[in-house]
Structure formats: structure tokens, C-alpha cells
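Worksheet: one structure, shown below.
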Amino acid sequence: MKPKSGISISILPDHHDVLVSQKDQSVLDVALRLKIPLNHTCGGNGTCGTCLVHIVNGIESLEPRTEIESEMAEDRKFPDHERLACQLKPHDHLVVEIKKSN
Ligand code: FES
């Protein structure tokens, strides 16, 4: 797996500047590939909410929530800086923090 050139994200609290692979469609994909513990009860389908992460940096460059994430965010009243890692596309300099419940 060849990393996308120059694209890295940080997954706090323990992992800084991890490279994004061409196969990584989401932040959850990055975490799973690097064996970073991140709950994902529904397997990344956007239905469980266990992969919730806090956006520390880069919120201004995020793509809008997917439809399935928008529905959950509305139901559960997620603030803008909390996103589902399985629905979150990585971009350079994105910094996320895994919530303690994970
Ligand atoms: S893994 Fe279930 S919502 Fe993301």
C-alpha cells in the first residue's frame, strides 16, 4: 500500500502524523490499517455512533456530513466538531481525537 504523497493526519491522543494510504476512504480506515484502537461496532456503516471522534484541527476543510451521518447527528445532537470516523474523509493536517469511551 503506497501512502498518498504528503497527506498525513494526526489521531490523538497517541498517534501523530500518520500517513494516509490510497485505500483509506475514511479516518476509520486509517485507524484500522494502523491498528489504532477505535470502536466501530457497525463495521463502518454509519449506524452505531461508536466511532465518534473530536475534530481538533481542520474542521474548516471537512466535507459535509454524509446523509447517514447527518441523520444521526441530528438525532443525537452532535456538535459540529464531533464526527463519525467511518464517514470522515481524511485531509492533510486533519487532527482528530478519539473519544475516551472508545
Ligand atoms: S463504525 Fe458505526 S457509526 Fe462509524
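Chain lettering (A, B, ...) mirrors the order of the C-alpha cells, residue numbering begins at 1 for each chain separately, and ligand numbering begins at 1 in order of display.
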
Selection: 8 Å around range 46-50 of chain A, only C-alpha atoms, excl. self and same-chain fewer than 6 positions, as a PyMOL selection string = chain A and resi 39-40+68-69+72+84+86-87+102

Please save C-alpha atoms of the selected residues as a tab-separated table (two decimals), in the first residue's frame.
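Output saved as result_38.tsv:
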```
chain	number	residue	atom	x	y	z
A	39	ASN	CA	-14.57	1.25	18.23
A	40	HIS	CA	-16.64	0.54	15.14
A	68	ILE	CA	-26.49	8.85	7.20
A	69	GLU	CA	-24.17	10.86	9.49
A	72	MET	CA	-27.50	10.52	13.42
A	84	LEU	CA	-18.13	9.75	12.75
A	86	CYS	CA	-16.22	5.95	9.40
A	87	GLN	CA	-17.87	8.75	7.43
A	102	ASN	CA	-13.69	4.31	22.60
```

Can you work out which one of A:Asn45, A:His91, A:Leu38, A:His81 has the shortest atom-to-atom distance to Glu67 in chain A, counting only C-alpha atoms?
-> A:Asn45

Have a look at CA of Gly6 in chain A and CA of His93 in chain A and let me know their distance in Å, one decimal.
-> 9.9 Å

Please provide the set of residues having any atom within 12 Å of Pro79 in chain A, restricted to only C-alpha atoms, with same-chain residues fewer than 5 positions apart removed, written as a ChimeraX atom specification.
-> /A:52-55,59,65,70,72-74,84

In Å and to one decimal, CA of Ser21 in chain A is distant from CA of Pro64 in chain A by 21.5 Å

Could you pull out the strand (DSSP E or B) residues of chain A from DSSP and send them as a PDB file with C-alpha atoms, in the first residue's frame?
```
ATOM      1  CA  PRO A   3       0.774   6.290   1.001  1.00  0.00           C
ATOM      2  CA  LYS A   4      -0.787   9.303  -0.704  1.00  0.00           C
ATOM      3  CA  SER A   5       2.177  11.584  -1.086  1.00  0.00           C
ATOM      4  CA  GLY A   6       2.364  14.179   1.634  1.00  0.00           C
ATOM      5  CA  ILE A   7      -1.037  13.559   3.185  1.00  0.00           C
ATOM      6  CA  SER A   8      -0.925  12.862   6.854  1.00  0.00           C
ATOM      7  CA  ILE A   9      -3.351  13.213   9.710  1.00  0.00           C
ATOM      8  CA  SER A  10      -2.956  13.038  13.451  1.00  0.00           C
ATOM      9  CA  ILE A  11      -5.022  10.718  15.589  1.00  0.00           C
ATOM     10  CA  LEU A  12      -4.765  11.758  19.214  1.00  0.00           C
ATOM     11  CA  HIS A  15      -0.630   8.894  17.186  1.00  0.00           C
ATOM     12  CA  HIS A  16       0.804  11.920  15.427  1.00  0.00           C
ATOM     13  CA  ASP A  17       1.371  12.392  11.691  1.00  0.00           C
ATOM     14  CA  VAL A  18       0.141   9.073  10.370  1.00  0.00           C
ATOM     15  CA  LEU A  19       0.278   8.707   6.588  1.00  0.00           C
ATOM     16  CA  VAL A  20      -2.923   8.261   4.637  1.00  0.00           C
ATOM     17  CA  SER A  21      -2.941   5.386   2.150  1.00  0.00           C
ATOM     18  CA  LEU A  52     -17.221   9.247  17.149  1.00  0.00           C
ATOM     19  CA  VAL A  53     -14.117  11.458  17.149  1.00  0.00           C
ATOM     20  CA  HIS A  54     -13.489  15.057  18.171  1.00  0.00           C
ATOM     21  CA  ILE A  55     -12.105  17.360  15.469  1.00  0.00           C
ATOM     22  CA  VAL A  56      -9.132  19.195  16.962  1.00  0.00           C
ATOM     23  CA  ASN A  57      -7.887  20.870  13.770  1.00  0.00           C
ATOM     24  CA  GLU A  82     -17.838  15.663  16.615  1.00  0.00           C
ATOM     25  CA  ARG A  83     -17.840  13.410  13.582  1.00  0.00           C
ATOM     26  CA  LEU A  84     -18.130   9.745  12.749  1.00  0.00           C
ATOM     27  CA  VAL A  95      -6.261  16.305  13.664  1.00  0.00           C
ATOM     28  CA  VAL A  96      -8.830  14.145  15.421  1.00  0.00           C
ATOM     29  CA  GLU A  97      -9.009  12.862  18.964  1.00  0.00           C
ATOM     30  CA  ILE A  98     -10.564   9.530  19.816  1.00  0.00           C
TER      31      ILE A  98
END
```

Rounded to one decimal in Å, what is the spacing between CA of Gly43 in chain A and CA of Glu60 in chain A?
->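 Going from CA of Gly43 in chain A over to CA of Glu60 in chain A, I get 27.0 Å.
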
Give the alpha helix (DSSP H) residues of chain A, as assigned by DSSP on the backbone, as a PyMOL selection string.
-> chain A and resi 27-33+67-76

Just-selected residues, C-alpha atoms written as a compact mmCIF listing (two decimals), in the first residue's frame:
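Dumped everything to selection-v2.txt:
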```
# COMPACT_ATOMS: atom_id res chain seq x y z
CA VAL A 27 -10.40 8.15 9.17
CA LEU A 28 -11.66 4.80 10.47
CA ASP A 29 -9.84 3.07 7.58
CA VAL A 30 -6.60 4.81 8.61
CA ALA A 31 -7.03 3.80 12.25
CA LEU A 32 -7.83 0.18 11.44
CA ARG A 33 -4.92 -0.16 8.99
CA GLU A 67 -26.70 11.72 4.72
CA ILE A 68 -26.49 8.85 7.20
CA GLU A 69 -24.17 10.86 9.49
CA SER A 70 -26.43 13.90 9.26
CA GLU A 71 -29.40 11.87 10.43
CA MET A 72 -27.50 10.52 13.42
CA ALA A 73 -26.02 13.92 14.26
CA GLU A 74 -29.47 15.45 14.28
CA ASP A 75 -30.98 12.64 16.37
CA ARG A 76 -28.15 12.60 18.92
```

Nearest candidate to Lys23 in chain A (options A:Leu94, A:Lys35, A:Gly58, A:Lys89; using only C-alpha atoms) |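 Closest to Lys23 in chain A of all the choices is A:Lys89.
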
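Comparing A:Gly44, A:Pro37, A:Gln25, A:Pro13 by their smallest distance to ligand 1, the closest is A:Gly44 (using only C-alpha atoms and all ligand atoms).
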
A:Asp80, A:Thr41, A:Ser26, A:Leu88 ranked by distance to ligand 1, top pick (using only C-alpha atoms and all ligand atoms) | A:Thr41

Pick from A:Asp92, A:Leu34, A:Ala85, A:Ser61: nearest to ligand 1, with only C-alpha atoms and all ligand atoms counted?
->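 Closest candidate: A:Ala85.
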